[in-house]
$ cat coords-v8.txt   # compact mmCIF, C-alpha atoms
# COMPACT_ATOMS: atom_id res chain seq x y z
CA MET A 6 63.51 -0.51 117.26
CA SER A 7 62.98 0.35 120.94
CA THR A 8 66.00 -0.10 123.16
CA THR A 9 64.28 0.09 126.54
CA ASN A 10 65.39 -3.45 127.38
CA ASP A 11 68.91 -4.69 126.65
CA ALA A 12 67.60 -8.22 126.05
CA THR A 13 65.11 -7.06 123.41
CA PRO A 14 66.11 -8.36 119.97
CA ARG A 15 66.84 -5.32 117.81
CA PHE A 16 69.13 -4.17 115.03
CA GLU A 17 71.10 -1.22 113.76
CA SER A 18 71.01 -0.57 110.05
CA GLU A 19 73.47 1.69 108.27
CA PRO A 20 72.74 2.12 104.56
CA ALA A 21 75.63 1.97 102.12
CA SER A 22 77.72 -0.06 104.52
CA GLU A 23 78.97 -3.60 103.97
CA ALA A 24 78.01 -4.52 107.55
CA ALA A 25 74.78 -2.56 107.35
CA VAL A 26 72.61 -4.72 109.61
CA ARG A 27 74.01 -5.26 113.11
CA LEU A 28 71.96 -7.47 115.49
CA LEU A 29 71.73 -6.66 119.20
CA GLY A 30 69.95 -8.20 122.19
CA GLU A 31 68.76 -11.78 122.63
CA TRP A 32 67.26 -13.47 119.55
CA THR A 33 65.62 -16.28 121.48
CA ALA A 34 62.21 -17.95 121.76
CA SER A 35 61.53 -16.34 125.15
CA GLN A 36 61.95 -12.87 123.64
CA PHE A 37 59.90 -13.70 120.55
CA ALA A 38 57.00 -14.72 122.83
CA ARG A 39 56.48 -11.08 123.81
CA PRO A 40 53.26 -9.74 122.21
CA GLY A 41 53.79 -8.11 118.80
CA LEU A 42 57.59 -8.27 118.89
CA LEU A 43 58.06 -10.90 116.19
CA ARG A 44 55.59 -9.18 113.87
CA GLU A 45 57.43 -5.86 114.33
CA LEU A 46 60.80 -7.48 113.57
CA LYS A 47 59.44 -9.08 110.41
CA ARG A 48 58.09 -5.73 109.28
CA ARG A 49 61.17 -3.59 109.98
CA LEU A 50 64.11 -5.94 109.45
CA PRO A 51 65.82 -5.09 106.12
CA GLU A 52 65.65 -7.58 103.29
CA ALA A 53 68.63 -9.82 102.55
CA GLU A 54 69.76 -7.94 99.42
CA PRO A 55 72.98 -8.50 97.47
CA GLY A 56 75.72 -6.27 98.82
CA ARG A 57 74.10 -5.85 102.24
CA GLY A 58 76.20 -7.27 105.04
CA TRP A 59 75.00 -8.82 108.28
CA ASP A 60 76.88 -8.72 111.61
CA LEU A 61 75.56 -11.07 114.29
CA ARG A 62 78.47 -10.70 116.72
CA GLY A 63 76.70 -7.96 118.72
CA ALA A 64 73.79 -10.25 119.67
CA LYS A 65 74.00 -11.48 123.25
CA GLN A 66 72.34 -14.80 122.44
CA ILE A 67 70.83 -16.59 119.45
CA ASP A 68 69.03 -19.89 119.93
CA HIS A 69 67.57 -22.28 117.34
CA VAL A 70 64.35 -20.25 117.05
CA GLY A 71 66.28 -17.06 116.40
CA ALA A 72 68.56 -18.82 113.90
CA GLN A 73 65.52 -20.28 112.11
CA PHE A 74 63.92 -16.81 111.98
CA LEU A 75 67.05 -15.29 110.39
CA TRP A 76 67.48 -18.21 107.97
CA ASP A 77 63.87 -17.89 106.78
CA HIS A 78 64.21 -14.07 106.54
CA TRP A 79 67.28 -14.49 104.33
CA GLY A 80 65.21 -16.64 101.96
CA ARG A 81 67.13 -19.74 103.09
CA ARG A 82 70.29 -18.51 101.40
CA TRP A 83 73.55 -17.34 102.93
CA PRO A 84 74.08 -13.56 102.79
CA PRO A 85 77.17 -12.61 100.73
CA GLN A 86 78.76 -10.91 103.75
CA LEU A 87 78.07 -12.45 107.16
CA GLU A 88 80.02 -11.82 110.36
CA THR A 89 79.35 -14.32 113.17
CA SER A 90 81.04 -15.99 116.11
CA ASP A 91 81.99 -19.65 115.81
CA THR A 92 78.99 -20.68 117.93
CA GLN A 93 76.57 -18.64 115.84
CA ARG A 94 78.03 -20.00 112.60
CA SER A 95 77.69 -23.58 113.85
CA LEU A 96 74.09 -22.96 114.91
CA LEU A 97 73.15 -21.40 111.57
CA GLU A 98 74.79 -24.23 109.62
CA ARG A 99 72.83 -26.79 111.65
CA VAL A 100 69.55 -24.93 111.04
CA ALA A 101 70.33 -24.62 107.32
CA LYS A 102 71.08 -28.33 107.10
CA LEU A 103 67.93 -29.47 108.92
CA THR A 104 65.46 -27.02 107.38
CA THR A 105 63.12 -28.75 104.95
CA GLU A 106 60.87 -27.25 102.36
CA PRO A 107 57.17 -27.24 103.31
CA ARG A 108 55.14 -29.84 101.51
CA ARG A 109 53.19 -28.35 98.64
CA LYS A 110 49.46 -28.52 99.11
CA ARG A 111 48.03 -30.88 96.57
CA LYS A 112 45.42 -29.28 94.36
CA ALA A 113 42.23 -31.28 94.55
CA SER A 114 40.81 -32.13 91.15
CA TRP A 115 37.34 -33.38 90.39
CA TRP A 116 38.77 -36.86 89.87
CA THR A 117 40.46 -36.75 93.30
CA LEU A 118 37.24 -35.58 94.96
CA TYR A 119 35.37 -38.37 93.17
CA LEU A 120 37.83 -40.98 94.43
CA GLU A 121 37.71 -39.61 97.99
CA PHE A 122 33.91 -39.67 97.93
CA GLY A 123 33.99 -43.27 96.73
CA ALA A 124 36.44 -44.22 99.47
CA SER A 125 34.25 -42.58 102.12
CA LEU A 126 31.21 -44.40 100.76
CA LEU A 127 33.00 -47.73 100.88
CA ARG A 128 34.14 -47.10 104.46
CA ALA A 129 30.56 -46.25 105.49
CA MET A 130 29.26 -49.40 103.78
CA GLY A 131 31.94 -51.41 105.60
CA HIS A 132 30.74 -50.06 108.94
CA VAL A 133 27.11 -50.88 108.10
CA ARG A 134 28.03 -54.39 106.92
CA ASP A 135 30.05 -55.17 110.06
CA PHE A 136 27.35 -53.71 112.33
CA ILE A 137 24.66 -55.88 110.72
CA ARG A 138 26.96 -58.88 111.05
CA LEU A 139 27.47 -58.08 114.75
CA LEU A 140 23.70 -57.77 115.23
CA GLY A 141 23.21 -61.16 113.60
CA ARG A 142 25.81 -62.76 115.85
CA LEU A 143 24.13 -61.25 118.90
CA THR A 144 20.84 -62.84 117.82
CA LEU A 145 22.51 -66.24 117.39
CA ASN A 146 24.23 -65.89 120.75
CA LEU A 147 20.90 -65.13 122.45
CA GLY A 148 19.57 -68.39 120.98
CA ARG A 149 22.66 -70.22 122.22
CA LEU A 150 22.19 -68.71 125.69
CA ALA A 151 18.53 -69.76 125.76
CA LYS A 152 19.55 -73.36 124.98
CA ALA A 153 22.29 -73.51 127.63
CA PRO A 154 21.75 -70.71 130.18
CA HIS A 155 24.07 -72.37 132.69
CA GLN A 156 26.99 -71.74 130.29
CA GLY A 157 26.24 -68.04 129.89
CA PRO A 158 28.73 -65.27 130.77
CA TRP A 159 26.75 -64.30 133.86
CA ARG A 160 29.73 -63.06 135.85
CA ASP A 161 30.68 -60.61 133.08
CA PHE A 162 27.03 -59.60 132.79
CA SER A 163 26.70 -58.76 136.50
CA GLY A 164 29.97 -56.81 136.47
CA HIS A 165 28.91 -54.71 133.48
CA LEU A 166 25.45 -54.19 134.99
CA TYR A 167 27.03 -52.72 138.12
CA ARG A 168 29.58 -50.54 136.30
CA ILE A 169 27.19 -49.27 133.64
CA GLY A 170 24.10 -48.95 135.81
CA ALA A 171 24.80 -48.43 139.50
CA THR A 172 27.84 -46.19 139.12
CA ALA A 173 26.00 -43.91 136.67
CA LEU A 174 23.18 -43.03 139.06
CA PRO A 175 24.75 -39.90 140.66
CA ILE A 176 25.62 -38.10 137.42
CA THR A 177 22.32 -38.94 135.72
CA ALA A 178 20.36 -37.76 138.78
CA LEU A 179 22.30 -34.49 138.88
CA VAL A 180 21.84 -33.74 135.18
CA GLY A 181 18.18 -34.81 135.21
CA SER A 182 17.28 -32.63 138.20
CA LEU A 183 19.03 -29.59 136.73
CA ILE A 184 17.26 -30.04 133.40
CA GLY A 185 13.95 -30.28 135.27
CA VAL A 186 14.66 -27.04 137.13
CA VAL A 187 15.65 -25.20 133.94
CA LEU A 188 12.64 -26.48 131.99
CA ALA A 189 10.26 -25.56 134.82
CA TYR A 190 11.59 -22.02 135.20
CA LEU A 191 11.51 -21.33 131.45
CA THR A 192 8.00 -22.78 131.10
CA ALA A 193 6.72 -20.87 134.13
CA GLN A 194 7.67 -17.54 132.56
CA GLN A 195 5.45 -18.27 129.54
CA LEU A 196 2.54 -19.79 131.46
CA LYS A 197 2.33 -16.81 133.81
CA GLN A 198 1.49 -14.55 130.87
CA PHE A 199 -1.61 -16.61 130.01
CA GLY A 200 -2.68 -17.58 133.54
CA ALA A 201 -2.17 -21.25 132.72
CA ASP A 202 0.05 -22.11 135.67
CA ALA A 203 -1.52 -25.51 136.28
CA TYR A 204 -0.47 -26.78 132.83
CA ILE A 205 3.14 -26.88 133.93
CA VAL A 206 2.41 -30.39 135.24
CA ASN A 207 1.35 -31.51 131.75
CA ILE A 208 4.35 -29.93 130.06
CA LEU A 209 6.93 -31.26 132.51
CA GLY A 210 5.31 -34.68 132.65
CA ILE A 211 5.14 -35.24 128.89
CA ALA A 212 8.55 -33.68 128.18
CA LEU A 213 10.48 -35.49 130.89
CA ILE A 214 8.76 -38.89 130.91
CA ARG A 215 8.37 -39.31 127.15
CA GLU A 216 11.44 -37.55 125.71
CA LEU A 217 14.04 -35.89 127.91
CA GLY A 218 14.44 -38.63 130.52
CA PRO A 219 15.26 -41.45 128.06
CA LEU A 220 17.25 -39.16 125.76
CA LEU A 221 19.37 -37.61 128.52
CA GLY A 222 20.06 -40.99 130.06
CA ALA A 223 21.06 -42.46 126.70
CA ILE A 224 23.38 -39.56 125.81
CA LEU A 225 25.09 -39.70 129.20
CA ILE A 226 25.52 -43.47 129.00
CA ALA A 227 26.78 -43.24 125.41
CA GLY A 228 29.47 -40.78 126.46
CA ARG A 229 30.33 -42.54 129.68
CA SER A 230 29.92 -46.27 129.07
CA GLY A 231 30.00 -46.45 125.25
CA SER A 232 33.49 -44.99 125.20
CA ALA A 233 34.54 -47.31 128.03
CA ILE A 234 33.34 -50.36 126.08
CA THR A 235 35.33 -49.34 123.00
CA ALA A 236 38.42 -48.59 125.09
CA GLN A 237 38.22 -51.92 126.94
CA ILE A 238 37.95 -54.00 123.78
CA GLY A 239 40.47 -51.80 121.97
CA VAL A 240 43.06 -52.31 124.71
CA MET A 241 42.49 -56.05 124.37
CA ARG A 242 43.36 -55.67 120.68
CA VAL A 243 46.52 -53.68 121.46
CA THR A 244 47.65 -56.25 124.05
CA ASP A 245 46.82 -59.21 121.70
CA GLU A 246 44.19 -60.59 124.10
CA LEU A 247 41.63 -60.77 121.28
CA ASP A 248 44.03 -62.87 119.20
CA ALA A 249 44.64 -65.13 122.21
CA MET A 250 40.87 -65.64 122.60
CA SER A 251 40.59 -66.56 118.92
CA VAL A 252 43.41 -69.10 119.27
CA MET A 253 41.66 -70.67 122.26
CA GLY A 254 38.37 -70.86 120.31
CA ILE A 255 36.54 -68.31 122.49
CA SER A 256 33.94 -66.31 120.58
CA HIS A 257 34.38 -62.56 120.81
CA SER A 258 30.71 -61.91 120.26
CA TYR A 259 29.61 -64.40 122.93
CA ARG A 260 32.05 -63.39 125.67
CA LEU A 261 32.47 -59.67 124.93
CA VAL A 262 29.41 -58.40 123.06
CA LEU A 263 26.59 -60.47 124.57
CA PRO A 264 27.10 -59.57 128.28
CA ARG A 265 27.53 -55.88 127.49
CA ALA A 266 24.41 -55.77 125.29
CA MET A 267 22.33 -57.57 127.94
CA ALA A 268 23.64 -55.32 130.70
CA LEU A 269 22.82 -52.13 128.79
CA ALA A 270 19.41 -53.46 127.67
CA ILE A 271 18.47 -53.91 131.34
CA ALA A 272 20.31 -50.91 132.80
CA MET A 273 19.09 -48.28 130.33
CA PRO A 274 15.34 -48.45 131.24
CA LEU A 275 16.28 -48.24 134.93
CA ILE A 276 18.61 -45.28 134.32
CA SER A 277 15.97 -43.63 132.16
CA GLY A 278 13.36 -43.97 134.91
CA TRP A 279 15.85 -42.70 137.50
CA THR A 280 16.76 -39.67 135.35
CA THR A 281 13.09 -38.90 134.70
CA LEU A 282 12.30 -39.11 138.42
CA ALA A 283 15.17 -36.72 139.24
CA GLY A 284 13.97 -34.32 136.53
CA LEU A 285 10.41 -34.39 137.87
CA LEU A 286 11.64 -33.68 141.40
CA GLY A 287 13.70 -30.74 140.15
CA GLY A 288 10.80 -29.45 138.09
CA MET A 289 8.38 -29.89 141.00
CA LEU A 290 10.64 -27.87 143.28
CA ALA A 291 11.02 -25.10 140.69
CA ALA A 292 7.26 -25.05 140.04
CA ASP A 293 6.64 -24.63 143.76
CA LEU A 294 9.09 -21.72 143.99
CA SER A 295 8.12 -19.93 140.76
CA LEU A 296 4.37 -20.60 140.44
CA GLY A 297 3.30 -21.76 143.89
CA ILE A 298 2.35 -25.23 142.55
CA THR A 299 2.58 -27.38 145.69
CA PRO A 300 4.28 -30.82 145.51
CA SER A 301 1.08 -32.55 146.63
CA TYR A 302 -0.89 -30.96 143.76
CA PHE A 303 1.91 -31.82 141.33
CA ILE A 304 1.95 -35.49 142.40
CA ASN A 305 -1.85 -35.84 142.30
CA ALA A 306 -2.17 -34.11 138.90
CA LEU A 307 0.65 -35.99 137.19
CA PRO A 308 -1.21 -39.32 136.56
CA ASP A 309 -4.10 -37.43 134.93
CA ALA A 310 -1.74 -35.32 132.80
CA VAL A 311 0.47 -38.14 131.47
CA MET A 312 -0.90 -41.39 130.10
CA VAL A 313 0.75 -44.67 131.03
CA SER A 314 1.50 -45.34 127.36
CA ASN A 315 4.12 -42.55 127.48
CA LEU A 316 5.99 -44.40 130.21
CA VAL A 317 5.80 -47.68 128.26
CA LEU A 318 7.06 -45.95 125.11
CA ALA A 319 9.96 -44.39 127.05
CA GLN A 320 10.99 -47.76 128.47
CA VAL A 321 10.88 -49.43 125.05
CA LYS A 322 13.01 -46.64 123.60
CA SER A 323 15.50 -47.03 126.43
CA VAL A 324 15.93 -50.74 125.71
CA VAL A 325 16.62 -49.97 122.04
CA PHE A 326 19.04 -47.19 123.02
CA GLY A 327 20.91 -49.52 125.38
CA ILE A 328 21.37 -52.25 122.78
CA LEU A 329 22.50 -49.75 120.14
CA ILE A 330 25.03 -48.10 122.47
CA ALA A 331 26.48 -51.49 123.42
CA LEU A 332 26.71 -52.71 119.81
CA ILE A 333 28.27 -49.46 118.57
CA GLY A 334 30.83 -49.51 121.38
CA CYS A 335 31.73 -53.15 120.65
CA HIS A 336 31.75 -52.53 116.88
CA PHE A 337 34.37 -49.78 117.08
CA GLY A 338 36.31 -51.66 119.76
CA LEU A 339 36.64 -54.76 117.55
CA ARG A 340 37.81 -52.59 114.60
CA VAL A 341 40.65 -51.01 116.61
CA LEU A 342 44.09 -51.71 115.13
CA PRO A 343 46.98 -52.71 117.41
CA ASN A 344 48.24 -49.17 118.00
CA THR A 345 47.33 -46.38 120.40
CA GLN A 346 46.35 -43.89 117.65
CA SER A 347 43.68 -46.24 116.34
CA LEU A 348 42.47 -46.78 119.92
CA GLY A 349 41.93 -43.04 120.43
CA GLU A 350 40.25 -42.59 117.05
CA GLY A 351 37.98 -45.58 117.65
CA THR A 352 36.89 -44.29 121.07
CA THR A 353 36.06 -40.85 119.68
CA SER A 354 34.17 -42.30 116.72
CA SER A 355 32.23 -44.59 119.05
CA VAL A 356 30.96 -41.73 121.22
CA VAL A 357 30.05 -39.49 118.30
CA THR A 358 28.30 -42.30 116.40
CA ALA A 359 26.40 -43.55 119.46
CA ILE A 360 25.04 -40.11 120.36
CA THR A 361 24.10 -39.40 116.73
CA VAL A 362 22.33 -42.75 116.34
CA VAL A 363 20.46 -42.27 119.64
CA ILE A 364 19.12 -38.88 118.50
CA LEU A 365 18.17 -40.27 115.07
CA VAL A 366 16.34 -43.24 116.59
CA ASP A 367 14.58 -40.96 119.06
CA ALA A 368 13.34 -38.82 116.16
CA LEU A 369 12.18 -41.99 114.40
CA PHE A 370 10.23 -43.04 117.51
CA ALA A 371 8.67 -39.57 117.73
CA ILE A 372 7.43 -39.82 114.12
CA LEU A 373 6.20 -43.42 114.30
CA PHE A 374 4.39 -43.04 117.65
CA LYS A 375 3.18 -39.44 117.31
CA ASN A 376 -0.40 -40.51 118.11
CA VAL A 377 0.48 -42.63 121.14
CA GLY A 378 -0.08 -41.06 124.57
CA ILE A 379 -0.67 -37.51 123.27
$ encode --input "coords-v8.txt" --output "structure tokens"
Amino acid sequence: MSTTNDATPRFESEPASEAAVRLLGEWTASQFARPGLLRELKRRLPEAEPGRGWDLRGAKQIDHVGAQFLWDHWGRRWPPQLETSDTQRSLLERVAKLTTEPRRKRKASWWTLYLEFGASLLRAMGHVRDFIRLLGRLTLNLGRLAKAPHQGPWRDFSGHLYRIGATALPITALVGSLIGVVLAYLTAQQLKQFGADAYIVNILGIALIRELGPLLGAILIAGRSGSAITAQIGVMRVTDELDAMSVMGISHSYRLVLPRAMALAIAMPLISGWTTLAGLLGGMLAADLSLGITPSYFINALPDAVMVSNLVLAQVKSVVFGILIALIGCHFGLRVLPNTQSLGEGTTSSVVTAITVVILVDALFAILFKNVGI
């Protein structure tokens, strides 16, 4: 081993000697962190063979990491001849006492895989059943609200409408405008080759108004507000507020789910329109810079290039997206167990599920309404 640094963990080995392996330097975690050093020690350090002695008294320092390294290298057995200081002996004995055998990896059999598949299927069916039940309760609560609107949770509704809608405008505008710029520049490169510069209005109009605007807005809201809904309701579970509401006879679905679903159903079309407008502005600016398409021409050509039915379809999709994001967020929030690990898992699952469902529903809309507005 190199001896350029006195602190470097190294050894001296003398064959045919009872104290053949003599440790030097500092056998500590800070030294082992040096690149390649630990691998080199593992490769060159002699095996713990019968009759080979070990002398640790020359080492300047040995910490728990160094002691664990030596204990593992010895095969978790004491060498027949070991010379140590009292401190080193105490440290090695503590490491030997606390070291546990790694858990053997269970070999998966076909029966185990079959049972795990069945368990996963039952969990998925449980999610679907609870989601349908939540959707049914939302429908009943809407009927209850229509009968007695003066008893509705309007204060909660206005608060959620502000937090979900108004506070999301800056980030959705930024993302929408950047997507418009990127789409316009990429499209312009292709249109220039065919001399079809004017068709950039059609491409940007259809893509942003019909698809990208609603989809971008929904994905951003699912990540931003869907996770917040799950976290809010999950924290209420951890702090026993949900149980307190049940004891007082307050319906979770009426006071927690209904205002959030209504707020998202109204906010999502507005956010979608705002995101689309930002994307069109970004695309219009990029079209002017890359193709010389003036803003006045872009604005005048847009109504002829995009039919109104595309805008109606986008708004309908946004309403559906908003309701789904709210229900998925509430669904996972109500399933949170009273511990912080379940809260984190529920929030992550909520975001992933909401974004996946939004994309699936968007694809379904594209297939069902392929002849509308095209």
$ atom_distance --input "coords-v8.txt" --atom1 "CA of Pro264 in chain A" --atom2 "CA of Met130 in chain A"
26.6 Å
$ atom_distance --input "coords-v8.txt" --atom1 "CA of Gly63 in chain A" --atom2 "CA of Thr89 in chain A"
8.8 Å
$ atom_distance --input "coords-v8.txt" --atom1 "CA of Thr33 in chain A" --atom2 "CA of Asp68 in chain A"
5.2 Å
$ closest_residue --input "coords-v8.txt" --among "A:Arg15, A:Ser232, A:Leu147, A:Ala292" --to "Val357 in chain A" --atoms "only C-alpha atoms"
A:Ser232
$ closest_residue --input "coords-v8.txt" --among "A:Pro14, A:Gly30, A:Gly185, A:Gly254" --to "Met289 in chain A" --atoms "only C-alpha atoms"
A:Gly185
$ residues_near_point --input "coords-v8.txt" --point "(13.3, -40.6, 122.5)" --cutoff "8 Å" --atoms "only C-alpha atoms" --output "number ranges by chain"
A: 215-217, 219-220, 319, 322-323, 363-364, 366-368, 370-371
$ closest_residue --input "coords-v8.txt" --among "A:Asn146, A:Gln198, A:Gln237, A:Ser230" --to "Ile360 in chain A" --atoms "only C-alpha atoms"
A:Ser230
$ closest_atom_pairs --input "coords-v8.txt" --of "range 245-292 of chain A" --to "range 296-304 of chain A" --cutoff "12 Å" --atoms "all atoms listed in the file" --output "CSV"
residue,atom,partner,partner_atom,distance
A:Leu282,CA,A:Ile304,CA,11.7
A:Leu285,CA,A:Phe303,CA,9.5
A:Leu286,CA,A:Pro300,CA,8.9
A:Gly287,CA,A:Pro300,CA,10.8
A:Gly288,CA,A:Phe303,CA,9.8
A:Met289,CA,A:Pro300,CA,6.2
A:Leu290,CA,A:Pro300,CA,7.4
A:Ala291,CA,A:Leu296,CA,8.0
A:Ala292,CA,A:Leu296,CA,5.3
$ closest_atom_pairs --input "coords-v8.txt" --of "range 262-283 of chain A" --to "range 326-330 of chain A" --cutoff "7 Å" --atoms "all atoms listed in the file" --output "CSV"
residue,atom,partner,partner_atom,distance
A:Ala266,CA,A:Ile328,CA,5.3
A:Leu269,CA,A:Gly327,CA,4.7
A:Ala270,CA,A:Gly327,CA,4.8
A:Met273,CA,A:Gly327,CA,5.4
$ closest_residue --input "coords-v8.txt" --among "A:Asn376, A:Arg229, A:Ala359, A:Ser354" --to "Leu318 in chain A" --atoms "only C-alpha atoms"
A:Asn376
$ axis_aligned_box --input "coords-v8.txt" --around "range 73-90 of chain A" --padding-each-side "8 Å" --output "AutoDock Vina command-line options"
--center_x 72.5 --center_y -15.6 --center_z 108.4 --size_x 33.2 --size_y 25.4 --size_z 31.4
$ residues_around --input "coords-v8.txt" --residues "Gly71 in chain A" --least-positions-apart "6" --cutoff "12 Å" --atoms "only C-alpha atoms" --output "ChimeraX atom specification"
/A:14-15,28,30-38,43,46,61,64-65,77-78,93,96-97,100
$ build_atoms --input "coords-v8.txt" --residues "range 257-281 of chain A" --atoms "N, CA and C atoms" --output "PDB file, in the coordinates of the input"
ATOM      1  N   HIS A 257      34.388 -63.946 120.346  1.00  0.00           N
ATOM      2  CA  HIS A 257      34.380 -62.560 120.810  1.00  0.00           C
ATOM      3  C   HIS A 257      32.955 -62.066 121.052  1.00  0.00           C
ATOM      4  N   SER A 258      32.074 -62.421 120.141  1.00  0.00           N
ATOM      5  CA  SER A 258      30.710 -61.910 120.260  1.00  0.00           C
ATOM      6  C   SER A 258      29.999 -62.500 121.473  1.00  0.00           C
ATOM      7  N   TYR A 259      30.305 -63.761 121.809  1.00  0.00           N
ATOM      8  CA  TYR A 259      29.610 -64.400 122.930  1.00  0.00           C
ATOM      9  C   TYR A 259      30.146 -63.929 124.277  1.00  0.00           C
ATOM     10  N   ARG A 260      31.458 -63.747 124.384  1.00  0.00           N
ATOM     11  CA  ARG A 260      32.050 -63.390 125.670  1.00  0.00           C
ATOM     12  C   ARG A 260      32.219 -61.883 125.870  1.00  0.00           C
ATOM     13  N   LEU A 261      32.245 -61.115 124.792  1.00  0.00           N
ATOM     14  CA  LEU A 261      32.470 -59.670 124.930  1.00  0.00           C
ATOM     15  C   LEU A 261      31.215 -58.857 124.610  1.00  0.00           C
ATOM     16  N   VAL A 262      30.543 -59.208 123.503  1.00  0.00           N
ATOM     17  CA  VAL A 262      29.410 -58.400 123.060  1.00  0.00           C
ATOM     18  C   VAL A 262      28.134 -58.745 123.818  1.00  0.00           C
ATOM     19  N   LEU A 263      27.855 -60.035 123.959  1.00  0.00           N
ATOM     20  CA  LEU A 263      26.590 -60.470 124.570  1.00  0.00           C
ATOM     21  C   LEU A 263      26.392 -59.934 125.996  1.00  0.00           C
ATOM     22  N   PRO A 264      27.345 -60.086 126.911  1.00  0.00           N
ATOM     23  CA  PRO A 264      27.100 -59.570 128.280  1.00  0.00           C
ATOM     24  C   PRO A 264      26.940 -58.067 128.338  1.00  0.00           C
ATOM     25  N   ARG A 265      27.665 -57.346 127.483  1.00  0.00           N
ATOM     26  CA  ARG A 265      27.530 -55.880 127.490  1.00  0.00           C
ATOM     27  C   ARG A 265      26.176 -55.455 126.930  1.00  0.00           C
ATOM     28  N   ALA A 266      25.718 -56.117 125.865  1.00  0.00           N
ATOM     29  CA  ALA A 266      24.410 -55.770 125.290  1.00  0.00           C
ATOM     30  C   ALA A 266      23.286 -56.074 126.275  1.00  0.00           C
ATOM     31  N   MET A 267      23.367 -57.241 126.962  1.00  0.00           N
ATOM     32  CA  MET A 267      22.330 -57.570 127.940  1.00  0.00           C
ATOM     33  C   MET A 267      22.339 -56.591 129.109  1.00  0.00           C
ATOM     34  N   ALA A 268      23.540 -56.229 129.564  1.00  0.00           N
ATOM     35  CA  ALA A 268      23.640 -55.320 130.700  1.00  0.00           C
ATOM     36  C   ALA A 268      23.044 -53.947 130.360  1.00  0.00           C
ATOM     37  N   LEU A 269      23.349 -53.450 129.173  1.00  0.00           N
ATOM     38  CA  LEU A 269      22.820 -52.130 128.790  1.00  0.00           C
ATOM     39  C   LEU A 269      21.315 -52.195 128.496  1.00  0.00           C
ATOM     40  N   ALA A 270      20.844 -53.322 127.941  1.00  0.00           N
ATOM     41  CA  ALA A 270      19.410 -53.460 127.670  1.00  0.00           C
ATOM     42  C   ALA A 270      18.607 -53.428 128.962  1.00  0.00           C
ATOM     43  N   ILE A 271      19.179 -53.924 130.048  1.00  0.00           N
ATOM     44  CA  ILE A 271      18.470 -53.910 131.340  1.00  0.00           C
ATOM     45  C   ILE A 271      18.734 -52.616 132.097  1.00  0.00           C
ATOM     46  N   ALA A 272      19.961 -52.098 132.012  1.00  0.00           N
ATOM     47  CA  ALA A 272      20.310 -50.910 132.800  1.00  0.00           C
ATOM     48  C   ALA A 272      19.674 -49.641 132.241  1.00  0.00           C
ATOM     49  N   MET A 273      19.559 -49.543 130.917  1.00  0.00           N
ATOM     50  CA  MET A 273      19.090 -48.280 130.330  1.00  0.00           C
ATOM     51  C   MET A 273      17.665 -47.908 130.747  1.00  0.00           C
ATOM     52  N   PRO A 274      16.677 -48.850 130.755  1.00  0.00           N
ATOM     53  CA  PRO A 274      15.340 -48.450 131.240  1.00  0.00           C
ATOM     54  C   PRO A 274      15.357 -47.985 132.687  1.00  0.00           C
ATOM     55  N   LEU A 275      16.194 -48.638 133.528  1.00  0.00           N
ATOM     56  CA  LEU A 275      16.280 -48.240 134.930  1.00  0.00           C
ATOM     57  C   LEU A 275      16.904 -46.850 135.057  1.00  0.00           C
ATOM     58  N   ILE A 276      17.973 -46.606 134.285  1.00  0.00           N
ATOM     59  CA  ILE A 276      18.610 -45.280 134.320  1.00  0.00           C
ATOM     60  C   ILE A 276      17.671 -44.218 133.772  1.00  0.00           C
ATOM     61  N   SER A 277      16.929 -44.582 132.730  1.00  0.00           N
ATOM     62  CA  SER A 277      15.970 -43.630 132.160  1.00  0.00           C
ATOM     63  C   SER A 277      14.908 -43.249 133.175  1.00  0.00           C
ATOM     64  N   GLY A 278      14.357 -44.253 133.879  1.00  0.00           N
ATOM     65  CA  GLY A 278      13.360 -43.970 134.910  1.00  0.00           C
ATOM     66  C   GLY A 278      13.932 -43.150 136.048  1.00  0.00           C
ATOM     67  N   TRP A 279      15.179 -43.449 136.426  1.00  0.00           N
ATOM     68  CA  TRP A 279      15.850 -42.700 137.500  1.00  0.00           C
ATOM     69  C   TRP A 279      16.077 -41.242 137.076  1.00  0.00           C
ATOM     70  N   THR A 280      16.520 -41.035 135.841  1.00  0.00           N
ATOM     71  CA  THR A 280      16.760 -39.670 135.350  1.00  0.00           C
ATOM     72  C   THR A 280      15.452 -38.887 135.258  1.00  0.00           C
ATOM     73  N   THR A 281      14.401 -39.562 134.792  1.00  0.00           N
ATOM     74  CA  THR A 281      13.090 -38.900 134.700  1.00  0.00           C
ATOM     75  C   THR A 281      12.593 -38.496 136.080  1.00  0.00           C
TER      76      THR A 281
END
